[in-house]
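Engineer: There's a structure below that I have some questions on.
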Amino acid sequence: MSQIHVSTTINGDPVEYLCEPDDTLLDVLRDRLSLTGTKEGCGSGDCGACSVTIDGRLVCACLALGAEADGRKIDTIEGMAEGEKLHPLQEKFLEHAALQCGVCTPGFLVAAKSLLEKNPSPTETEIRYWLAGNLCRCTGYDKIIRAVMDTAKEMKGKRKGKKS
Amino acid sequence: MSSNDRFESREFKVVGTRPLRPDGLDKVTGKAQFGADVTAPGMLHGAILRSPHAHAIIKKIDTKQAEKLEGVHAVVTRTDFAKDVDNTDVLDNCMAGEKALYDGHAVAAVAATSPSVARKAMKLIKVTYKVLPAVTDVDMAMGADAPILHDGMQTEGLEKKSRKPTNIAQRHEFGHGDVDAGFKQADLIVERSFTTEATHQGYIEPHACLANLGRDGRGELWCCTQGHYYVRELCADLLGLDESQLRVTASEIGGGFGGKTTVFIEPVALALARKSGRPVKIVMSRNEVFRASGPTSSSSIDVKIGVKNDGTITAAFADLRYQGGAYPGSPVEFGAMSAFACYNLENVKTIGWDVVANRPKQAAYRAPGAPMAAFAIESVVDEIAGKLRMDPIDLRLKNAAAAGTKASFGPVYSDIGLIRTLEAAKNHPHYSAPLGPNQGRGIACGFWFNFGGQTSVSLTVNADGTVGVAVGTPDIGGSRASISQMVAEELGIEYSQVRALIADTATLGFNDVTDGSRVTFATGLAAIEAARNAAKIMCERAAKTWGIPSDAVVWEDGHAKPVSSNAGDFEPLSLKDIAASAANTGGPIAGHYEINADGAGVSFSTHIADVEMDPETGRAEIKRYTVFQDAGKAIHPSYVEGQFQGGAVQGIGWALNEEYIYNKDGQLQNAGFLDYRIPVASDLPMIDAVILEVPNPGHPYGVRGVGETSIVPPLATVANAISAAAGVRMTSIPMSPPKVLEALDSVLIAEAAE
Amino acid sequence: MRYEAPTSVSEAAKLLAKEKGLARILAGGTDLIVQMKSGMIEPDLVVDIKRIDALKRIKKEKGGFRVGAAVSGAEMEEHEELCALWPGVVEATNLIGSTQVQGRATMAGNLCNASPAADCVPALVAADAVARVVGPKKGRDVPVIKMTTGPGKTTLKRGEFVESIFLPSRKKRSGDAYLRFIPRTEMDIAVVGAGVSLTLDKNGKCSDARLSLGAVAAKVLLVERAAKILIGSNLDEETLEKFAAAASAAAKPIDDKRGTVDFRKKVSGVLARRAAIIAAERAMTTEKKGKK
């Protein structure tokens with residue numbers, strides 16, 4: 001098995017790596033690039049802990065090959081904050097105590113960010129269905145859903161503020 | 001001081017507020033390091049070969065071909081572990097000896113330069129099995145002709161010893177009074193049988209560890225665990241090491257719920273590291289987590305309750321049978337103890353049977369043993385309420401345990417909150433809200449003991465006036481925040497001035513596992529006492545500065561002050577002032593405290609659920625859910641609510657869809673999150689959490705454990721709601737749609753026949 | 001294993017034709033990669049077709065749509081005209097897995113994975129969709145119902161792959177719907193699936209209907225006997241009851257970890273009836289829209 005050379009962009013940075021043809025994108029992120037914020041909970045697309053975006057599309061990194069990333073734009077939890085400025089979702093997750101153990105949190109944040117980009121004013125039901133592929137065993141989801149609802153509300157308020 | 005008079009009523013400044021947790025930033029930015037997130041120079045990847053058979057004699061293991069494969073550095077089997085160990089079952093569960101006792105039982109392991117080489121090597125290990133008949137059902141395992149797992153097992157706790165081969169490890173009995181006499185006084189007796197299937201804790205982070213161990217017996221272990229001191233104890237035993245030579249560091253832990261209170265892969269990684277001379281990392285796959293780490297027990301329970309027409313319970317009896325997997329130790333004892341803990345009973349008796357079967361060795365799961373028992377008892381209580389045409393809350397209030405009640409498991413309760421939770425439920429708008437078509441409402445109560453245990457805390461006052469707190473109980477749901485709050489409260493400083501962290505086994509005294517809802521209680525208690533010890537030293541330093549006797553100084557509002565004007569007129573010294581001059585007044589200031597804490601304070605909860613049934617498919621949807629629980633004192637209310645909500649949802653999952661499914665050969669059919677169906681966000685409504693506070697006399701601030709009780713009532717709460725909605729009494733958990741639809745149809749058939 | 005990402009259909013076909021070992025197409029990868037990781041299959045060659053522009057397109061054709069084999073469910077959902085014409089098919093595709101899975105999973109992949117419980121297949125069968133198969137020889141069009149023969153088995157020959165799926169044009173007053181039963185609200189494999197496509201005449205009478213059932217036999221079923229019951233009716237209660245009973249009778253399920261024979265048979269009828277009602281409502285809505 002000869003390795004494949006991949007040139008890609010991760011969180012805005014140009015990145016090159018060699019990977020095995022059957023390495024998943026998750027294997028590459030965690031084991032080759034030390035981007036361990038993306039978690040492996042199942043390796044079969046059932047838990048969402050490895051949520052990332054490829055060219056802006058929300059996917060499970062465990063269900064994509066590392067080789068596929070060539071020329072694409074990958075975004076992970078590590079790129080969500082801008083320097084020390086957190087994304088509003090990250091702020092709200094902290095404020096609402098929307099995490100207990102925190103291992104599902106990166107996946108939820110990446111998935112919720114993707115939702116708000118597509119639908120800035122989701123209903124509670126829309127949030128619950130969008131995030132149905134992200135398993136959390138600690139919180140019963142209550143505080144996570146509230147954090148996302150509150151973020152949407154606040155971001156909407158800010159957009160309105162800017163317009164006026 | 002007796003454990004029952006530690007509590008002092010006071011006004012709080014920091015306790016009861018909702019500050020941000022200290023580990024939060026790292027967890028929302030992906031920086032937090034969990035079990036699988038670290039590497040070491042020269043590290044190898046370990047993998048474990050597991051038995052495909054549920055019950056088989058291991059005749060031979062040939063590892064030669066695997067050892068020859070390029071990139072393989074070590075292969076281990078049982079012979080690579082210590083021979084004479086104290087924890088024989090734990091060792092046998094981590095690496096099979098003569099027999100494989102369940103599908104997924106470890107039989108060998110390899111360490112190689114990459115995971116793919118390790119996988120290849122596993123295929124080259126040849127294991128010769130003699131397959132035996134297997135049994136996975138608890139009642140069948142107790143049967144006369146069941147396959148026997150352990151030759152020579154005898155049932156402990158029997159009056160008359162039997163020499164017959166058996167899978168029954170132990171019999172337990174609890175209770176008081178005369179149940180036969182009690183049943184004679186009853187106007188109504190309801191007797192029912194129930195079963196519950198095994199469920200898994202379902203933490204999202206699979207077990208992971210990184211081990212290093214030299215031939216000199218010195219080692220380091222990094223792992224996700226609820227109790228790194230216990231990991232050290234077990235690993236030292238299983239590998240023949242001195243505890244002092246093995247340093248265990250607890251990583252951030254991605255959920256445990258009791259399932260990470262023991263070892264599975266850690267001793268294997270250490271054995272591979274010792275043999276290869278290199279650090280070895282093992283990360284379980286999700287399939288391995290389901291097949292080979294500990295789920296909870298499945299159970300089969302008979303209940304008989306007798307009542308007077310006014311609702312007074314005259315006698316209560318339960319026979320509980322739990323299989324705990326391949327080794328003794330199912331939580332049936334806790335089940336039998338907790339079954340009737342909510343009730344004030346004159347005549348009560350429970351019998352528990354601990355049974356082995358060809359399944360993975362069970363591990364603790366949140367209030368181990370209690371949810372199954374509560375399902376059975378609270379279902380019968382609900383049925384009785386229906387038959388007596390009594391409100392189910394009123395029936396429970398009539399029989400509710402209170403301060404002074406002799407508990408069915410022995411002790412007499414001090415102040416407890418059960419009645420408060422029932423009254424709060426009754427008065428809550430949820431209980432009287434109108435219901436729609438096909439909807440029903442159920443309620444049930446739950447109890448959990450809570451635990452204290454061995455605890456060490458070390459606290460340092462830094463020169464800049466900040467405080468560090470080292471604790472030895474891994475933080476599984478925000479305890480670093482609550483402990484920092486208690487220390488800040490006690491020392492009269494800001495929450496932001498305190499930082500709590502989890503020390504490794506080499507740098508802090510022994511601590512029991514994070515279990516039994518014990519951390520905010522016991523570690524909190526020790527942290528408060530450590531802070532008091534540090535405050536005492538600070539008073540001494542102030543006294544020295546002022547030249548007055550140290551008993552003339554008190555610690556108040558974050559300052560050392562003269563006890564009265566008689567002691568002298570001195571400007572109070574702040575913690576910061578005293579810390580800054582510590583070098584000149586006697587050196588570093590620290591406080592520590594060690595205790596085997598009793599007085600944990602039992603906990604009660606009442607839940608209300610509304611469900612809507614689809615009568616054509618048997619599917620139940622949770623429309624509304626409210627938890628009422630006594631927290632003693634909620635240190636960080638957000639994380640207390642989180643415990644209530646999380647436990648309730650785990651219970652809802654158990655009630656509706658989660659189960660271990662075996663085929664007739666004892667092979668697990670659903671070892672993944674696809675078919676082991678834990679609740680997803682769209683399955684649920686918001687979970688309302690109502691915190692009640694009946695102070696625990698055993699804690700300075702009144703804290704009770706809050707982590708576990710919330711999983712106890714949901715099974716019965718949901719079953720009672722389904723009964724109200726659809727008119728069928730479900731006696732088998734999970735209440736999955738095929739079972740419910742079958743029950744609905746049998747009611748229709750019965751009605752048609754009438 | 002080798003990984004190739006050709007940029008044209010002919011290049012992909014050549015790679016497949018040349019491969020002597022086991023070759024697999026990688027579209028969404030949501031089944032393939034799981035099977036690779038669990039050791040179920042060990043392909044020698046994986047051909048990623050997502051770099052072939054033609055396969056990433058949804059194209060209008062003869063009043064219908066040709067959906068490229070690499071188009072994900074999420075992309076279908078963003079195509080308004082496709083959603084308006086075949087809402088049941090688009091919904092079925094977007095019941096597969098999570099939002100994350102829908103960002104990758106394709107109809108063609110769901111079809112070629114050949115699971116009897118595949119969500120989009122009953123909807124495609126009800127829609128009478130046609131797969132275009134390409135390979136070493138001339139391309140051929142295969143009705144979706146003829147693509148699979150049993151669990152994991154397709155009628156694709158060596159070197160062939162599905163290039164696109166064609167969803168035909170619709171008469172006025174047509175609608176489709178797909179419903180599945182799962183124990184949770186999301187993330188499960190269908191225990192039963194039912195796809196209905198129908199057309200109403202001016203008077204609201206059913207003039208054409210197709211019913212397809214999933215997860216109740218070794219392959220997705222087309223249940224013509226039940227569909228015929230609808231034709232000529234106003235979808236009144238009595239007809240729907242008969243229709244449901246015929247659907248239940250047609251189901252030939254097994255007992256497994258996801259459901260029992262009795263449950264699956266019963267629920268086949270329930271879902272068929274509910275899907276028919278939704279499809280009819282949609283058929284009427286399209287008429288209203290047309291009038292505007």
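Chain identifiers are assigned as A, B, and so on, following the order in which chains appear in the structure tokens; residues are numbered from 1 within each chain, and ligands are numbered from 1 in order of appearance.
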Please list as a VMD selection string every residue within 6 Å of segment 211-223 of chain C, counting only C-alpha atoms and excluding residues in the same chain fewer than 4 positions away.

Structural biologist: chain C and resid 116 to 117 122 126 150 to 151 191 to 196 227 251 to 253

Engineer: Which polymer residues have any atom within 12 Å of an atom of Val110 of chain A, counting only C-alpha atoms, with same-chain residues fewer than 4 positions away left out, as number ranges by chain?

Structural biologist: A: 37-39, 48-54, 56-61, 74-81, 87, 89-90, 104-106, 114-117, 130-131, 134, 148; B: 28-30; C: 99-100

Engineer: Provide as an MDAnalysis selection string the residues of chain B at most 10 Å from chain C, counting only C-alpha atoms.

Structural biologist: chainID B and resid 119 285 287 616:621 653 656:657 660:663 669:670 673:684 736:739 741:742

Engineer: Deliver the residues from the most recent selection as a file, using N, CA, C and O atoms, as a compact mmCIF listing (two decimals), in the first residue's frame.

Structural biologist:
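Wrote part.txt, looks like this:
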# COMPACT_ATOMS: atom_id res chain seq x y z
N ARG B 119 -3.96 -5.18 13.55
CA ARG B 119 -5.14 -5.92 13.09
C ARG B 119 -4.73 -7.15 12.28
O ARG B 119 -5.29 -8.23 12.42
N SER B 285 -12.69 -0.09 20.20
CA SER B 285 -13.67 0.30 19.21
C SER B 285 -15.04 0.30 19.89
O SER B 285 -15.20 -0.25 20.98
N ASN B 287 -17.58 -1.35 18.98
CA ASN B 287 -17.98 -2.75 19.04
C ASN B 287 -17.42 -3.41 20.30
O ASN B 287 -18.13 -4.13 21.03
N GLU B 616 -51.37 2.46 16.36
CA GLU B 616 -51.21 1.54 15.22
C GLU B 616 -49.80 0.95 15.13
O GLU B 616 -49.59 -0.01 14.39
N THR B 617 -48.84 1.57 15.82
CA THR B 617 -47.47 1.05 15.73
C THR B 617 -46.88 0.72 17.10
O THR B 617 -45.80 0.13 17.17
N GLY B 618 -47.54 1.12 18.17
CA GLY B 618 -47.01 0.85 19.50
C GLY B 618 -45.88 1.76 19.91
O GLY B 618 -45.20 1.52 20.91
N ARG B 619 -45.69 2.81 19.17
CA ARG B 619 -44.58 3.71 19.47
C ARG B 619 -45.00 4.76 20.50
O ARG B 619 -46.07 5.36 20.36
N ALA B 620 -44.17 4.94 21.53
CA ALA B 620 -44.46 5.93 22.57
C ALA B 620 -43.57 7.14 22.37
O ALA B 620 -42.37 7.01 22.18
N GLU B 621 -44.17 8.31 22.44
CA GLU B 621 -43.38 9.54 22.35
C GLU B 621 -43.49 10.28 23.67
O GLU B 621 -44.59 10.46 24.20
N GLY B 653 -34.34 6.09 27.81
CA GLY B 653 -33.77 5.20 26.80
C GLY B 653 -33.90 3.73 27.21
O GLY B 653 -34.27 2.88 26.40
N LEU B 656 -37.54 2.57 26.86
CA LEU B 656 -38.18 2.44 25.55
C LEU B 656 -37.43 1.58 24.54
O LEU B 656 -38.06 0.79 23.83
N ASN B 657 -36.14 1.74 24.42
CA ASN B 657 -35.48 1.12 23.27
C ASN B 657 -34.14 0.45 23.51
O ASN B 657 -33.68 -0.30 22.66
N TYR B 660 -29.66 -5.18 25.26
CA TYR B 660 -28.69 -6.11 24.70
C TYR B 660 -29.48 -7.24 24.02
O TYR B 660 -30.33 -7.86 24.66
N ILE B 661 -29.19 -7.47 22.74
CA ILE B 661 -29.92 -8.51 22.00
C ILE B 661 -28.93 -9.63 21.64
O ILE B 661 -27.94 -9.38 20.96
N TYR B 662 -29.23 -10.84 22.12
CA TYR B 662 -28.37 -11.99 21.85
C TYR B 662 -29.06 -12.97 20.92
O TYR B 662 -30.29 -13.11 20.96
N ASN B 663 -28.27 -13.68 20.12
CA ASN B 663 -28.85 -14.80 19.38
C ASN B 663 -28.79 -16.05 20.25
O ASN B 663 -28.31 -16.01 21.38
N GLN B 669 -26.01 -9.16 19.12
CA GLN B 669 -26.48 -8.80 17.79
C GLN B 669 -26.47 -7.31 17.51
O GLN B 669 -26.71 -6.90 16.37
N ASN B 670 -26.24 -6.50 18.51
CA ASN B 670 -26.37 -5.05 18.29
C ASN B 670 -25.25 -4.27 18.97
O ASN B 670 -25.49 -3.35 19.74
N PHE B 673 -23.89 1.79 17.97
CA PHE B 673 -24.90 2.80 18.25
C PHE B 673 -26.04 2.80 17.21
O PHE B 673 -27.03 3.50 17.38
N LEU B 674 -25.88 2.01 16.13
CA LEU B 674 -26.96 1.94 15.14
C LEU B 674 -28.14 1.16 15.71
O LEU B 674 -29.29 1.60 15.62
N ASP B 675 -27.87 0.02 16.31
CA ASP B 675 -28.95 -0.84 16.79
C ASP B 675 -29.02 -0.92 18.31
O ASP B 675 -29.93 -1.53 18.85
N TYR B 676 -28.05 -0.34 19.01
CA TYR B 676 -28.22 -0.12 20.45
C TYR B 676 -28.67 1.34 20.54
O TYR B 676 -27.88 2.26 20.40
N ARG B 677 -29.97 1.52 20.74
CA ARG B 677 -30.58 2.82 20.41
C ARG B 677 -30.70 3.73 21.62
O ARG B 677 -31.71 3.71 22.31
N ILE B 678 -29.67 4.56 21.85
CA ILE B 678 -29.78 5.54 22.92
C ILE B 678 -30.60 6.73 22.40
O ILE B 678 -30.64 6.98 21.20
N PRO B 679 -31.28 7.45 23.28
CA PRO B 679 -32.12 8.55 22.81
C PRO B 679 -31.32 9.59 22.03
O PRO B 679 -30.19 9.92 22.41
N VAL B 680 -31.91 10.08 20.95
CA VAL B 680 -31.32 11.18 20.19
C VAL B 680 -32.13 12.45 20.47
O VAL B 680 -33.23 12.38 21.03
N ALA B 681 -31.56 13.59 20.07
CA ALA B 681 -32.16 14.88 20.46
C ALA B 681 -33.61 14.99 20.03
O ALA B 681 -34.45 15.54 20.76
N SER B 682 -33.94 14.44 18.86
CA SER B 682 -35.30 14.60 18.34
C SER B 682 -36.30 13.66 19.01
O SER B 682 -37.50 13.76 18.75
N ASP B 683 -35.82 12.76 19.86
CA ASP B 683 -36.75 11.87 20.58
C ASP B 683 -37.38 12.54 21.79
O ASP B 683 -38.29 11.96 22.40
N LEU B 684 -36.87 13.69 22.17
CA LEU B 684 -37.15 14.19 23.52
C LEU B 684 -37.71 15.59 23.55
O LEU B 684 -37.41 16.40 22.68
N SER B 736 -40.45 -1.64 23.75
CA SER B 736 -40.20 -1.32 22.35
C SER B 736 -41.50 -1.51 21.56
O SER B 736 -42.37 -2.28 21.97
N PRO B 737 -41.63 -0.83 20.42
CA PRO B 737 -42.90 -0.85 19.70
C PRO B 737 -43.45 -2.25 19.41
O PRO B 737 -44.65 -2.45 19.61
N PRO B 738 -42.65 -3.22 18.97
CA PRO B 738 -43.26 -4.53 18.71
C PRO B 738 -43.92 -5.14 19.95
O PRO B 738 -45.00 -5.73 19.86
N LYS B 739 -43.29 -4.95 21.12
CA LYS B 739 -43.87 -5.49 22.35
C LYS B 739 -45.15 -4.76 22.72
O LYS B 739 -46.14 -5.37 23.13
N LEU B 741 -47.15 -3.03 20.75
CA LEU B 741 -48.22 -3.29 19.78
C LEU B 741 -48.84 -4.66 20.03
O LEU B 741 -50.07 -4.81 19.96
N GLU B 742 -48.00 -5.63 20.37
CA GLU B 742 -48.52 -6.96 20.67
C GLU B 742 -49.46 -6.89 21.90
O GLU B 742 -50.53 -7.49 21.89

Engineer: Given the choices A:Glu16, A:Asp46, A:Glu40, A:Asp31, which gets closest to chain C if the distance is worked out from only C-alpha atoms?

Structural biologist: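 Using only C-alpha atoms, the shortest distance to chain C belongs to A:Asp46.
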
Engineer: Could you please tell me, as a PyMOL selection string, which residues of chain C have an atom within 7 Å of chain A when using only C-alpha atoms?

Structural biologist: chain C and resi 1-3+29-30+33-34+98-101+103-104+186-187

Engineer: So that I have them on file, write out the residues from the current selection with all heavy atoms, as a tab-separated table (two decimals), in the first residue's frame.

Structural biologist:
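So part.tsv came out as:
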chain	number	residue	atom	x	y	z
C	1	MET	N	-4.65	-1.61	-0.84
C	1	MET	CA	-5.76	-0.89	-1.48
C	1	MET	C	-5.25	0.36	-2.20
C	1	MET	O	-4.38	1.06	-1.70
C	1	MET	CB	-6.77	-0.46	-0.40
C	1	MET	CG	-7.99	0.25	-0.96
C	1	MET	SD	-8.94	1.05	0.35
C	1	MET	CE	-8.90	2.74	-0.21
C	2	ARG	N	-5.80	0.58	-3.40
C	2	ARG	CA	-5.48	1.81	-4.13
C	2	ARG	C	-6.70	2.73	-4.12
C	2	ARG	O	-7.83	2.25	-4.07
C	2	ARG	CB	-5.09	1.50	-5.57
C	2	ARG	CG	-3.70	0.86	-5.69
C	2	ARG	CD	-3.41	0.49	-7.12
C	2	ARG	NE	-4.38	-0.47	-7.62
C	2	ARG	CZ	-5.11	-0.29	-8.71
C	2	ARG	NH1	-4.97	0.81	-9.43
C	2	ARG	NH2	-5.96	-1.21	-9.11
C	3	TYR	N	-6.42	4.02	-4.16
C	3	TYR	CA	-7.50	5.01	-4.22
C	3	TYR	C	-7.33	5.80	-5.51
C	3	TYR	O	-6.24	6.31	-5.79
C	3	TYR	CB	-7.41	5.93	-3.01
C	3	TYR	CG	-8.25	7.19	-3.11
C	3	TYR	CD1	-9.60	7.18	-2.72
C	3	TYR	CD2	-7.72	8.38	-3.59
C	3	TYR	CE1	-10.37	8.33	-2.80
C	3	TYR	CE2	-8.48	9.54	-3.68
C	3	TYR	CZ	-9.80	9.50	-3.28
C	3	TYR	OH	-10.57	10.64	-3.37
C	29	GLY	N	-19.85	7.11	0.44
C	29	GLY	CA	-18.95	6.34	1.31
C	29	GLY	C	-19.55	5.95	2.64
C	29	GLY	O	-18.89	5.32	3.47
C	30	THR	N	-20.82	6.30	2.86
C	30	THR	CA	-21.38	6.09	4.20
C	30	THR	C	-21.67	4.61	4.50
C	30	THR	O	-21.82	4.24	5.66
C	30	THR	CB	-22.65	6.93	4.42
C	30	THR	OG1	-23.57	6.64	3.36
C	30	THR	CG2	-22.33	8.40	4.40
C	33	ILE	N	-17.28	2.85	3.63
C	33	ILE	CA	-16.19	3.05	4.60
C	33	ILE	C	-16.49	2.29	5.90
C	33	ILE	O	-15.59	1.72	6.51
C	33	ILE	CB	-15.93	4.56	4.83
C	33	ILE	CG1	-15.40	5.16	3.51
C	33	ILE	CG2	-14.93	4.78	5.96
C	33	ILE	CD1	-15.24	6.66	3.51
C	34	VAL	N	-17.76	2.22	6.28
C	34	VAL	CA	-18.12	1.44	7.47
C	34	VAL	C	-17.77	-0.04	7.24
C	34	VAL	O	-17.21	-0.71	8.10
C	34	VAL	CB	-19.63	1.59	7.79
C	34	VAL	CG1	-20.02	0.69	8.95
C	34	VAL	CG2	-19.96	3.04	8.12
C	98	SER	N	-27.87	10.54	9.63
C	98	SER	CA	-27.94	11.86	10.26
C	98	SER	C	-27.77	12.96	9.23
C	98	SER	O	-27.53	12.70	8.04
C	98	SER	CB	-26.80	11.96	11.26
C	98	SER	OG	-25.57	11.74	10.58
C	99	THR	N	-27.84	14.21	9.68
C	99	THR	CA	-27.51	15.35	8.82
C	99	THR	C	-26.13	15.14	8.21
C	99	THR	O	-25.92	15.41	7.02
C	99	THR	CB	-27.49	16.65	9.66
C	99	THR	OG1	-28.62	16.66	10.53
C	99	THR	CG2	-27.49	17.87	8.78
C	100	GLN	N	-25.20	14.67	9.03
C	100	GLN	CA	-23.83	14.45	8.56
C	100	GLN	C	-23.80	13.42	7.44
C	100	GLN	O	-23.08	13.58	6.45
C	100	GLN	CB	-22.97	13.93	9.73
C	100	GLN	CG	-22.60	14.96	10.79
C	100	GLN	CD	-23.66	15.16	11.85
C	100	GLN	OE1	-24.84	14.86	11.65
C	100	GLN	NE2	-23.26	15.69	12.98
C	101	VAL	N	-24.56	12.36	7.60
C	101	VAL	CA	-24.61	11.30	6.58
C	101	VAL	C	-25.28	11.84	5.32
C	101	VAL	O	-24.86	11.57	4.20
C	101	VAL	CB	-25.33	10.05	7.13
C	101	VAL	CG1	-25.66	9.06	6.02
C	101	VAL	CG2	-24.45	9.37	8.18
C	103	GLY	N	-25.13	14.67	4.16
C	103	GLY	CA	-24.17	15.51	3.45
C	103	GLY	C	-23.32	14.71	2.48
C	103	GLY	O	-22.61	15.28	1.64
C	104	ARG	N	-23.35	13.40	2.58
C	104	ARG	CA	-22.50	12.55	1.74
C	104	ARG	C	-23.31	11.49	0.99
C	104	ARG	O	-23.04	11.21	-0.18
C	104	ARG	CB	-21.50	11.79	2.63
C	104	ARG	CG	-20.56	12.69	3.43
C	104	ARG	CD	-19.20	12.83	2.82
C	104	ARG	NE	-18.52	11.55	2.67
C	104	ARG	CZ	-17.38	11.38	2.01
C	104	ARG	NH1	-16.82	12.42	1.41
C	104	ARG	NH2	-16.82	10.20	1.90
C	186	GLU	N	-34.99	9.25	14.65
C	186	GLU	CA	-33.92	9.42	13.66
C	186	GLU	C	-32.88	8.34	13.90
C	186	GLU	O	-32.89	7.66	14.92
C	186	GLU	CB	-33.24	10.79	13.85
C	186	GLU	CG	-33.97	11.96	13.23
C	186	GLU	CD	-33.71	12.08	11.73
C	186	GLU	OE1	-32.86	11.35	11.19
C	186	GLU	OE2	-34.38	12.91	11.09
C	187	MET	N	-31.97	8.19	12.96
C	187	MET	CA	-30.74	7.41	13.14
C	187	MET	C	-30.92	5.89	13.07
C	187	MET	O	-29.95	5.16	13.21
C	187	MET	CB	-30.02	7.76	14.45
C	187	MET	CG	-29.61	9.20	14.58
C	187	MET	SD	-28.60	9.76	13.21
C	187	MET	CE	-27.08	8.86	13.51

Engineer: Could the residues of chain B within 7 Å of chain A, counting only C-alpha atoms, be given as a ChimeraX atom specification, please?

Structural biologist: /B:20,24,27-31,37,202-206,253-255,285-286,476-478,638-639,642,645-646,649,673-674,680-682,686-687

Engineer: As JSON, numbers by chain, please: all residues of segment 208-239 of chain C that backbone DSSP puts in helix (DSSP H, G or I).

Structural biologist: {"C": [224, 225, 226, 227, 228, 229, 230, 237, 238, 239]}

Engineer: Atoms to include: C-alpha atoms. Write the selected residues as a PDB file, in the first residue's frame.

Structural biologist:
ATOM      1  CA  GLU C 224     -49.099  -4.045  -7.644  1.00  0.00           C
ATOM      2  CA  ARG C 225     -52.021  -5.949  -6.151  1.00  0.00           C
ATOM      3  CA  ALA C 226     -52.418  -3.366  -3.397  1.00  0.00           C
ATOM      4  CA  ALA C 227     -51.896  -0.414  -5.742  1.00  0.00           C
ATOM      5  CA  LYS C 228     -54.703  -1.631  -7.991  1.00  0.00           C
ATOM      6  CA  ILE C 229     -57.126  -1.329  -5.090  1.00  0.00           C
ATOM      7  CA  LEU C 230     -56.544   2.416  -5.042  1.00  0.00           C
ATOM      8  CA  GLU C 237     -61.685   4.834   4.353  1.00  0.00           C
ATOM      9  CA  GLU C 238     -62.920   1.488   3.094  1.00  0.00           C
ATOM     10  CA  THR C 239     -60.536   1.450   0.125  1.00  0.00           C
TER      11      THR C 239
END

Engineer: Ranking C:Gln102, C:Thr285, C:Ser233, C:Asn94 by minimum distance to Asn203 of chain C and counting only C-alpha atoms, which one comes first?

Structural biologist: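 Selected residue with least distance to Asn203 of chain C: C:Ser233.
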
Engineer: So that I can check the surroundings of segment 451-453 of chain B, please list as a list in words every protein, DNA and RNA residue that reaches within 9 Å of it, counting only C-alpha atoms and ignoring chain neighbours fewer than 5 positions away.

Structural biologist: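 Near segment 451-453 of chain B, the qualifying residues are Asn511, Asp512, Val513, Asp515, Gly516, Ser517, Arg518, Val519, Phe521, Ala522, Thr523, Ile595, Asn596, Ala597, Asp598, Gly599, Ala600, Gly601, Val602 and Gly705 of chain B.
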
Engineer: Hey, can you check how far atom CA of Ala112 of chain A sits from atom CA of Ala74 of chain C?

Structural biologist: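 Going from atom CA of Ala112 of chain A over to atom CA of Ala74 of chain C covers 15.9 Å.
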
Engineer: Can you tell me, as a PyMOL selection string, what residues are no more than 12 Å from segment 308-312 of chain B when counting only C-alpha atoms, ignoring any on the same chain fewer than 6 positions away?

Structural biologist: chain B and resi 182-190+343-347+381-400
